[in-house]
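Below is one structure; the comments refer to it alone.
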Amino acid sequence: MMKTDVVVIGAGAVGCAIARELSKYEVDVIVVDKNEDVGGDASKSNSAIIHTGYDASPGTLESQLVVAANPMFPKLVEDLQVPFKATGAILPAITEEQFEQLPAIKEKAFRNRVYDVEYLTKEQILKMEPNMNPEVRGGLYIPRESIIDPFIYVQALAENANENGVHFLLNTKVTGIQTEDQKIRSVETTGGTIETKYVINAAALYCDEIAAMVGKAEYKVVARRGQFYILDKNTSCKVEHIVLPIPTKVTKGKLMCPTIHGNMLVGPTAEDLNNKTDKSVTADGLASIVEDVRRLVPGVKIGDTITQYSGLRPNRNPEGLHVDIWDDLEGYINLSGVRSTGLTLSAAMGVYVAQLMKEHGCRLVYKENFKNTRKGIRIFHEMSREEQDAVIKENPKYGNIICRCETITEGEIMDAIHRPLGARSMDAVKRRVRAGMGRCQGGFCGPKVIEILAREWKIPVDQVNKNETGSYMVTGKTR
Amino acid sequence: MYEINCDVAVIGAGPAGLSAAVAAKKEGAGKVLLIERDESVGGILQQCIHPGFGLTYFKKELTGPEYAGRFAEEAEALGAEVLLNSMVLEVLPESNQILCANSEYGMTRVTAKSIVLAMGCRERTRANIQIPGTRPSGIYTAGAAQRLVNRQNAMVGKNVVILGSGDIGMIMARRMSLEGAKVLAVVEIMDFLAGLTRNKVQCLDDFGIPLKLKHTITRIAGSRRVEGVYVAQVDENKKPIPKTEEYIACDTLLLSVGLLPENELTRQAEIEISPVTNGPAVNQYMQTSVPSVFACGNVVHVNDLVDNVTTESLQAGKYAALYAMGQLEGEGREVESVTGNNVRYLCPQRLREEKGAKANLFFRVLAPELDVRIEARCQDRVIASKKERRVNPGEMCSIQIPLDDVTDDVIINVVKEA
């Protein structure tokens with residue numbers, strides 16, 4: 001039987017951030033996730049924005065954590081080498097009605113202690129974003145709203161946690177939790193039983209099912225689907241800031257923003273599902289994105305799309321971010337209601353959960369040899385020609401370009417495979433180095449990446465998966 | 001940085017690049033260098049192991065590797081050099097330099113007197129045409145599947161639906177059948193075939209594969225691997241007709257929904273790109289808007305027959321050599337070729353007046369038509385005309401026009417014979 005101090009269920013942004021925070025202390029931590037790769041579900045299919053919390057409900061835990069997390073990012077992304085940019089967000093008021101809402105939004109930001117929101121005139125907005133709807137009347141500027149590579153962010157947290165001693169059990173599903181005398185005793189998984197003192201439920205979409213295992217099912221999680229478009233880097237109608245619509249009572253609405261790699265991201269929809277698995281994109285959903293975003297940026301060229309995807313937000317019913325701890329269940333911490341701000345607040349959630357554990361009698365002793373930095377994959381196309389020449393001479397695999405669209409070399413793919421928690425699937429490679437994320441969507445590099453994965457993991461090609469078990473790429477050899 | 005100097009540098013050693021190199025050597029160019037990203041020459045023809053190449057050019061039916069092999073051997077015999085495993089990252093037209101990455105030499109700078117772009121094309125993807133549904137494995141562009149099957153000997157699936165009646169799709173329908181897979185349908189949104197008629201006969205009809213014209217795929221199902229697709233009939237606006245949807249269970253979806261010139265380098269070098277073809281706009285010498293840079297093959301416009309690629313690439317190679325030797329006249333009056341009735345695009349897009357010379361204008365029609373007259377007009381004069389029994393968008397048309405007297409733009413019309 002495996003034995004540990006803490007089991008974190010879920011290897012998304014929040015689970016990995018908690019694991020990394022705990023890896024600063026002398027405790028044994030195991031992260032369990034049903035997926036084959038770290039990165040979670042919602043954490044890898046969202047709008048990739050680090051929020052300020054300007055529009056949170058003032059006084060809530062969500063407001064507290066998002067507002068606290070935002071300023072943590074500049075240091076965090078430097079330590080962990082995560083692509084990040086504080087582009088700022090613009091909230092344009094197109095209609096008179098929207099224009100009249102601006103003071104209330106600014107006021108709400110103030111009550112969330114986000115003091116740097118500024119009014120913008122029509123002229124200022126059109127100068128900052130020439131492609132904005134010329135009917136814009138004015139708006140708000142939120143300077144610290146930022147964009148990030150959400151995949152690398154979670155990988156970096158996980159890799160750094162792993163380097164500091166956290167174990168990850170991937171492809172492993174939690175099937176039960178055993179308690180004894182109102183205390184956590186063990187976690188049962190498809191990979192065996194883990195004896196543990198603490199369980200932290202960061203299972204997001206499935207956190208209600210985990211909570212039910214310990215009889216704490218006080219809420220339900222409904223999957224709220226968000227569909228997105230990604231546009232080609234070469235699209236002619238771009239924006240440089242995050243362009244957010246004025247929210248309605250129903251939804252935060254559909255935005256347009258650059259991704260950290262220079263594509264345009266447009267979306268999302270907000271559709272409540274009656275299941276937790278349907279990550280389809282639909283013709284109606286995509287059409288609604290186009291319709292809504294054209295009100296902000298009329299010239300947006302949806303025909304330049306290189307992919308469409310959807311993500312499932314774990315929407316809590318009743319709503320609200322909760323971190324629960326019960327007197328009659330020692331060692332169990334339940335997180336629920338982590339939604340679109342989860343990527344942002346993950347940075348603060350680690351600290352928050354660690355503090356909560358201390359307050360409930362857990363002795364957390366700081367590790368003297370904690371390593372706070374993580375080395376990212378060296379990115380060939382970002383190097384100068386001289387650096388490129390030097391890196392090829394040092395490792396000739398860097399001279400073999402596998403992904404033409406994004407100029408990704410075999411050297412980078414090898415690094416993605418062989419680093420801690422390395423890539424085992426096509427999507428895992430894609431999320432680490434972007435091979436297959438360009439305009440041909442893996443048409444050229446896909447067949448080569450299959451070969452590299454099979455070679456490096458020493459498996460037959462028909463065992464190379466797109467992502468989860470069963471998502472095989474090829475069926476075997478030809479006749 | 002590793003340095004190479006040459007007279008003519010050709011980017012891409014597929015059928016276009018090989019033909020251009022052959023022509024450049026024959027024209028008398030000194031050092032001709034082919035720069036190829038793959039580990040061998042031949043380009044996409046290396047995976048086209050089926051016959052049907054060379055019927056026009058060699059009057060003989062060859063396989064893809066055989067067709068490419070002929071030019072590869074000729075290029076070698078004429079002394080053209082090849083730099084393999086070299087991906088070009090940048091073209092600098094002002095200095096006529098090319099920067100490429102090579103595992104053996106590191107970053108390599110090729111300085112040439114003229115450059116030929118011959119990078120070929122890429123396939124349109126699922127995302128380009130926005131097929132709704134899930135994103136499981138088992139969705140391949142036909143060319144990627146062809147590479148896996150024919151070069152990597154990996155079978156991509158067992159029960160296959162193909163969207164698009166492009167040539168590669170139909171050829172893969174036959175290939176998959178020969179490998180023991182069941183091809184359940186080829187689905188085409190238009191009411192006519194996208195590819196060559198001979199491929200429908202040889203690849204679909206002979207294997208009993210149904211072609212569903214005026215149909216499209218409305219949704220992909222399957223969470224991990226493709227489990228099936230929904231196919232519906234479309235109306236005249238190509239919109240799915242409600243209640244015509246049927247579900248076809250399958251584990252693989254191949255897409256043959258069009259090709260686009262690979263214009264990354266063209267764009268990066270700030271060469272003028274035709275908005276219709278997505279390739280560089282050229283004149284009859286296959287010369288781009290940058291005088292020292294020529295282009296040929298599918299990087300210029302997507303061809304259906306490699307024989308046409310060869311014809312136009314031989315021109316590109318010849319004039320690139322003349323340019324390198326200082327024998328191609330500089331500025332001259334250029335007019336445009338203009339699309340008239342039932343013409344989608346024309347190539348070359350620009351024509352230079354040249355006494356005693358003729359040029360082949362390649363073009364595609366917008367819609368199929370029987371018994372037509374193709375005519376080239378310059379001002380009020382008809383400068384060339386010919387009859388065709390049948391034209392359709394899937395098959396490239398051409399007309400030869402004299403360049404003696406192109407005093408104004410040349411308009412091409414395809415009109416129904418009375």
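Residues are named by chain letter and number: chains run A, B, ... in the order of the structure tokens, numbers start at 1 in each chain, and ligands are numbered from 1 in the order shown.
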With a distance threshold of 6 Å and counting only C-alpha atoms, extract the residues of chain B near chain A and express them as number ranges by chain.
B: 101-103, 106-107, 127, 132-134, 137, 144, 153-157, 224-225
Could you find all residues in region 225-395 of chain B that DSSP calls strand (DSSP E) from the backbone, and write them as a PyMOL selection string?
chain B and resi 228-233+246-249+252-255+259-261+293-295+334-339+345-347+350-352+358-364+369-378+381-391
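As for CA of Arg224 (chain A) and CA of Thr248 (chain A), they are spaced 16.6 Å apart.
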What separation in Å, quoted to one decimal, exists between CA of Ile49 (chain A) and CA of Asp149 (chain A)?
8.8 Å
Would you give me, as a ChimeraX atom specification, the residues in region 323-419 of chain A that DSSP reads as helix (DSSP H, G or I)?
/A:342-359,380-382,385-394,396-399,410-418
Write the residues of the preceding selection, restricted to N, CA and C atoms, as a short mmCIF file (atom, residue, chain, number, x, y, z; two decimals), in the first residue's frame.
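Saved result, result_0.cif, follows:
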```cif
data_model
loop_
_atom_site.label_atom_id
_atom_site.label_comp_id
_atom_site.auth_asym_id
_atom_site.auth_seq_id
_atom_site.Cartn_x
_atom_site.Cartn_y
_atom_site.Cartn_z
N GLY A 342 -10.74 30.21 -12.06
CA GLY A 342 -9.91 29.18 -11.41
C GLY A 342 -8.44 29.24 -11.79
N LEU A 343 -8.19 29.51 -13.07
CA LEU A 343 -6.79 29.59 -13.52
C LEU A 343 -6.07 30.67 -12.73
N THR A 344 -6.74 31.82 -12.56
CA THR A 344 -6.13 32.92 -11.82
C THR A 344 -5.99 32.58 -10.33
N LEU A 345 -7.11 32.23 -9.71
CA LEU A 345 -7.06 32.11 -8.25
C LEU A 345 -6.27 30.90 -7.77
N SER A 346 -5.90 29.99 -8.69
CA SER A 346 -5.09 28.84 -8.30
C SER A 346 -3.83 29.29 -7.57
N ALA A 347 -3.24 30.40 -8.05
CA ALA A 347 -1.98 30.86 -7.46
C ALA A 347 -2.16 31.18 -5.97
N ALA A 348 -3.30 31.75 -5.62
CA ALA A 348 -3.54 32.09 -4.22
C ALA A 348 -4.13 30.91 -3.45
N MET A 349 -4.80 30.02 -4.16
CA MET A 349 -5.46 28.89 -3.50
C MET A 349 -4.45 27.98 -2.81
N GLY A 350 -3.27 27.83 -3.41
CA GLY A 350 -2.24 27.00 -2.77
C GLY A 350 -1.94 27.51 -1.38
N VAL A 351 -1.68 28.81 -1.30
CA VAL A 351 -1.34 29.44 -0.02
C VAL A 351 -2.52 29.34 0.94
N TYR A 352 -3.73 29.58 0.42
CA TYR A 352 -4.93 29.58 1.24
C TYR A 352 -5.15 28.20 1.87
N VAL A 353 -5.01 27.16 1.06
CA VAL A 353 -5.24 25.80 1.56
C VAL A 353 -4.16 25.41 2.57
N ALA A 354 -2.92 25.78 2.29
CA ALA A 354 -1.83 25.46 3.23
C ALA A 354 -2.09 26.13 4.58
N GLN A 355 -2.53 27.38 4.54
CA GLN A 355 -2.83 28.12 5.78
C GLN A 355 -3.98 27.45 6.54
N LEU A 356 -4.98 27.04 5.77
CA LEU A 356 -6.14 26.36 6.38
C LEU A 356 -5.69 25.08 7.08
N MET A 357 -4.78 24.36 6.44
CA MET A 357 -4.27 23.12 7.05
C MET A 357 -3.54 23.42 8.35
N LYS A 358 -2.74 24.49 8.33
CA LYS A 358 -2.00 24.89 9.54
C LYS A 358 -2.99 25.21 10.66
N GLU A 359 -4.01 26.00 10.28
CA GLU A 359 -4.99 26.42 11.29
C GLU A 359 -5.74 25.23 11.88
N PHE A 380 13.16 26.99 -29.91
CA PHE A 380 14.05 27.26 -31.05
C PHE A 380 13.67 28.54 -31.79
N HIS A 381 12.37 28.70 -32.09
CA HIS A 381 12.01 29.82 -32.96
C HIS A 381 12.09 31.18 -32.25
N GLU A 382 12.28 31.15 -30.94
CA GLU A 382 12.44 32.42 -30.23
C GLU A 382 13.90 32.82 -30.08
N ARG A 385 19.51 33.87 -34.53
CA ARG A 385 20.13 32.93 -35.47
C ARG A 385 21.41 32.33 -34.89
N GLU A 386 22.18 33.13 -34.15
CA GLU A 386 23.42 32.65 -33.55
C GLU A 386 23.12 31.59 -32.50
N GLU A 387 22.09 31.87 -31.69
CA GLU A 387 21.71 30.89 -30.66
C GLU A 387 21.20 29.60 -31.31
N GLN A 388 20.45 29.77 -32.41
CA GLN A 388 19.95 28.59 -33.11
C GLN A 388 21.11 27.74 -33.62
N ASP A 389 22.10 28.41 -34.21
CA ASP A 389 23.27 27.71 -34.72
C ASP A 389 23.96 26.95 -33.59
N ALA A 390 24.11 27.62 -32.46
CA ALA A 390 24.81 27.01 -31.32
C ALA A 390 24.02 25.81 -30.77
N VAL A 391 22.71 25.95 -30.68
CA VAL A 391 21.92 24.87 -30.08
C VAL A 391 21.89 23.64 -31.00
N ILE A 392 21.92 23.86 -32.32
CA ILE A 392 21.96 22.71 -33.24
C ILE A 392 23.30 21.99 -33.11
N LYS A 393 24.37 22.77 -32.94
CA LYS A 393 25.69 22.14 -32.83
C LYS A 393 25.81 21.36 -31.52
N GLU A 394 25.11 21.85 -30.51
CA GLU A 394 25.12 21.17 -29.21
C GLU A 394 24.24 19.92 -29.26
N PRO A 396 22.07 18.10 -32.37
CA PRO A 396 21.61 18.16 -33.76
C PRO A 396 20.10 17.97 -33.93
N LYS A 397 19.41 17.41 -32.92
CA LYS A 397 17.95 17.24 -33.02
C LYS A 397 17.25 18.60 -33.15
N TYR A 398 17.93 19.65 -32.70
CA TYR A 398 17.35 20.99 -32.84
C TYR A 398 17.42 21.50 -34.28
N GLY A 399 18.17 20.78 -35.12
CA GLY A 399 18.22 21.17 -36.53
C GLY A 399 17.16 20.48 -37.35
N GLU A 410 12.75 18.67 -33.39
CA GLU A 410 12.75 17.37 -32.71
C GLU A 410 13.37 17.50 -31.32
N GLY A 411 14.32 18.41 -31.18
CA GLY A 411 14.95 18.63 -29.87
C GLY A 411 13.94 19.05 -28.82
N GLU A 412 13.06 19.96 -29.21
CA GLU A 412 12.03 20.42 -28.27
C GLU A 412 11.05 19.30 -27.92
N ILE A 413 10.69 18.50 -28.93
CA ILE A 413 9.75 17.40 -28.69
C ILE A 413 10.38 16.36 -27.76
N MET A 414 11.68 16.09 -27.98
CA MET A 414 12.39 15.14 -27.10
C MET A 414 12.41 15.66 -25.66
N ASP A 415 12.62 16.96 -25.51
CA ASP A 415 12.62 17.55 -24.17
C ASP A 415 11.23 17.41 -23.53
N ALA A 416 10.19 17.66 -24.33
CA ALA A 416 8.82 17.54 -23.82
C ALA A 416 8.54 16.12 -23.33
N ILE A 417 9.13 15.14 -24.01
CA ILE A 417 8.90 13.74 -23.65
C ILE A 417 9.72 13.33 -22.41
N HIS A 418 10.95 13.82 -22.34
CA HIS A 418 11.85 13.30 -21.32
C HIS A 418 11.95 14.13 -20.05
#
```
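For Asp304 (chain B), the non-local neighbours within 9 Å, defined as residues at least 6 positions apart in the same chain or in other chains and counting only C-alpha atoms, are B:Asp167, B:Gly195, B:Leu196, B:Gly394, B:Glu395, B:Met396.
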Set the distance at 7 Å and use only C-alpha atoms: which residues neighbour Pro65 (chain B) once local chain neighbours fewer than 3 positions away are removed? I'd like the list as a PyMOL selection string.
chain B and resi 42+45-46+48-49+68-69
Limited to N, CA and C atoms, could you put the picked residues into a file as a CSV table (one decimal), in the first residue's frame?
```csv
chain,number,residue,atom,x,y,z
B,42,GLY,N,11.8,14.4,-54.0
B,42,GLY,CA,10.6,13.8,-54.6
B,42,GLY,C,9.4,14.5,-54.0
B,45,LEU,N,5.3,13.4,-54.0
B,45,LEU,CA,5.2,12.3,-54.9
B,45,LEU,C,5.8,11.0,-54.3
B,46,GLN,N,6.6,11.1,-53.3
B,46,GLN,CA,7.2,9.9,-52.6
B,46,GLN,C,6.1,9.1,-52.0
B,48,CYS,N,3.0,9.1,-53.2
B,48,CYS,CA,1.9,8.8,-54.2
B,48,CYS,C,2.4,7.6,-55.0
B,49,ILE,N,2.1,6.4,-54.4
B,49,ILE,CA,2.7,5.2,-55.0
B,49,ILE,C,1.8,4.6,-56.1
B,68,ALA,N,9.0,11.3,-60.1
B,68,ALA,CA,10.0,12.2,-59.4
B,68,ALA,C,11.4,11.7,-59.7
B,69,GLY,N,11.5,10.3,-59.7
B,69,GLY,CA,12.8,9.7,-59.9
B,69,GLY,C,13.4,10.1,-61.3
```
Which residues, written as a VMD selection string, have at least one atom at most 8 Å from region 19-30 of chain A, with only C-alpha atoms counted and residues fewer than 6 positions away on the same chain left out?
chain A and resid 4 to 8 157 to 158 160 to 162 164 to 169 350 to 351 354 364 to 367 370
Generate the output file for the selected residues, N, CA and C atoms, as a CSV table (one decimal), in the first residue's frame.
```csv
chain,number,residue,atom,x,y,z
A,4,THR,N,1.1,8.2,2.3
A,4,THR,CA,1.5,9.6,2.1
A,4,THR,C,0.8,10.5,3.2
A,5,ASP,N,1.2,11.8,3.2
A,5,ASP,CA,0.5,12.7,4.1
A,5,ASP,C,-0.8,13.3,3.5
A,6,VAL,N,-0.6,13.7,2.2
A,6,VAL,CA,-1.7,14.4,1.6
A,6,VAL,C,-2.0,13.8,0.2
A,7,VAL,N,-3.2,13.6,-0.1
A,7,VAL,CA,-3.6,13.2,-1.5
A,7,VAL,C,-4.4,14.4,-2.0
A,8,VAL,N,-3.9,14.9,-3.2
A,8,VAL,CA,-4.7,15.9,-3.9
A,8,VAL,C,-5.4,15.3,-5.1
A,157,LEU,N,3.7,24.2,-12.8
A,157,LEU,CA,3.4,24.0,-11.4
A,157,LEU,C,3.7,22.5,-11.1
A,158,ALA,N,3.2,21.6,-12.0
A,158,ALA,CA,3.3,20.2,-11.7
A,158,ALA,C,4.8,19.7,-11.7
A,160,ASN,N,7.4,21.5,-11.3
A,160,ASN,CA,8.2,22.1,-10.1
A,160,ASN,C,7.8,21.3,-8.8
A,161,ALA,N,6.5,21.0,-8.7
A,161,ALA,CA,6.1,20.2,-7.5
A,161,ALA,C,6.8,18.9,-7.5
A,162,ASN,N,6.8,18.3,-8.7
A,162,ASN,CA,7.4,17.0,-8.9
A,162,ASN,C,8.9,17.0,-8.5
A,164,ASN,N,10.2,18.9,-6.5
A,164,ASN,CA,10.3,19.1,-5.1
A,164,ASN,C,9.7,17.9,-4.3
A,165,GLY,N,9.5,16.8,-5.0
A,165,GLY,CA,9.1,15.6,-4.3
A,165,GLY,C,7.7,15.1,-4.3
A,166,VAL,N,6.8,15.9,-5.0
A,166,VAL,CA,5.4,15.4,-5.1
A,166,VAL,C,5.3,14.3,-6.2
A,167,HIS,N,4.6,13.3,-5.8
A,167,HIS,CA,4.3,12.2,-6.8
A,167,HIS,C,3.0,12.4,-7.5
A,168,PHE,N,3.0,12.0,-8.8
A,168,PHE,CA,1.8,12.2,-9.6
A,168,PHE,C,1.3,10.8,-10.0
A,169,LEU,N,0.1,10.5,-9.7
A,169,LEU,CA,-0.5,9.2,-10.3
A,169,LEU,C,-1.5,9.6,-11.3
A,350,GLY,N,-3.3,27.8,-3.4
A,350,GLY,CA,-2.2,27.0,-2.8
A,350,GLY,C,-1.9,27.5,-1.4
A,351,VAL,N,-1.7,28.8,-1.3
A,351,VAL,CA,-1.3,29.4,0.0
A,351,VAL,C,-2.5,29.3,0.9
A,354,ALA,N,-2.9,25.8,2.3
A,354,ALA,CA,-1.8,25.5,3.2
A,354,ALA,C,-2.1,26.1,4.6
A,364,LEU,N,3.3,22.2,9.3
A,364,LEU,CA,3.9,22.4,8.0
A,364,LEU,C,5.3,23.0,8.2
A,365,VAL,N,6.4,22.2,8.1
A,365,VAL,CA,7.7,22.7,8.3
A,365,VAL,C,8.4,23.0,7.0
A,366,TYR,N,8.9,24.2,6.8
A,366,TYR,CA,9.4,24.7,5.5
A,366,TYR,C,10.7,23.8,5.2
A,367,LYS,N,10.7,23.4,3.9
A,367,LYS,CA,11.8,22.6,3.4
A,367,LYS,C,13.0,23.5,3.1
A,370,PHE,N,13.9,23.6,-0.8
A,370,PHE,CA,12.9,23.8,-1.8
A,370,PHE,C,13.4,24.6,-3.0
```
Pick from B:Glu312, B:Gly120, B:Ile220, B:Asn85 nearest to Arg135 (chain B), counting only C-alpha atoms:
B:Ile220
So that I can see what lies close to Gly228 (chain B), please list as JSON, numbers by chain the residues with an atom at most 12 Å from it, counting only C-alpha atoms and leaving out residues fewer than 2 positions away in the same chain.
{"B": [133, 134, 135, 136, 137, 138, 139, 159, 160, 161, 162, 184, 217, 218, 219, 220, 221, 222, 223, 224, 225, 226, 230, 231, 246, 247, 248, 249, 250, 251, 252, 253]}
Neighbour list for Thr310 (chain B) as a ChimeraX atom specification, cut-off 7 Å, only C-alpha atoms, skip fewer than 4 positions in-chain
/B:15-16,19,306,314
Counting only C-alpha atoms, figure out which residue out of A:Asp41, A:Glu118, A:Glu36, A:Asp292 gets nearest to Val14 (chain A).
A:Asp41
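If only C-alpha atoms are the atoms counted, then among B:Leu55, B:Ala118, B:Leu351, B:Ile11 the closest residue to Gly297 (chain B) is B:Ala118.
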Report the distance between CA of Leu255 (chain A) and CA of Lys238 (chain A) in Å, rounded to one decimal place.
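Calculated distance between CA of Leu255 (chain A) and CA of Lys238 (chain A) is 12.6 Å.
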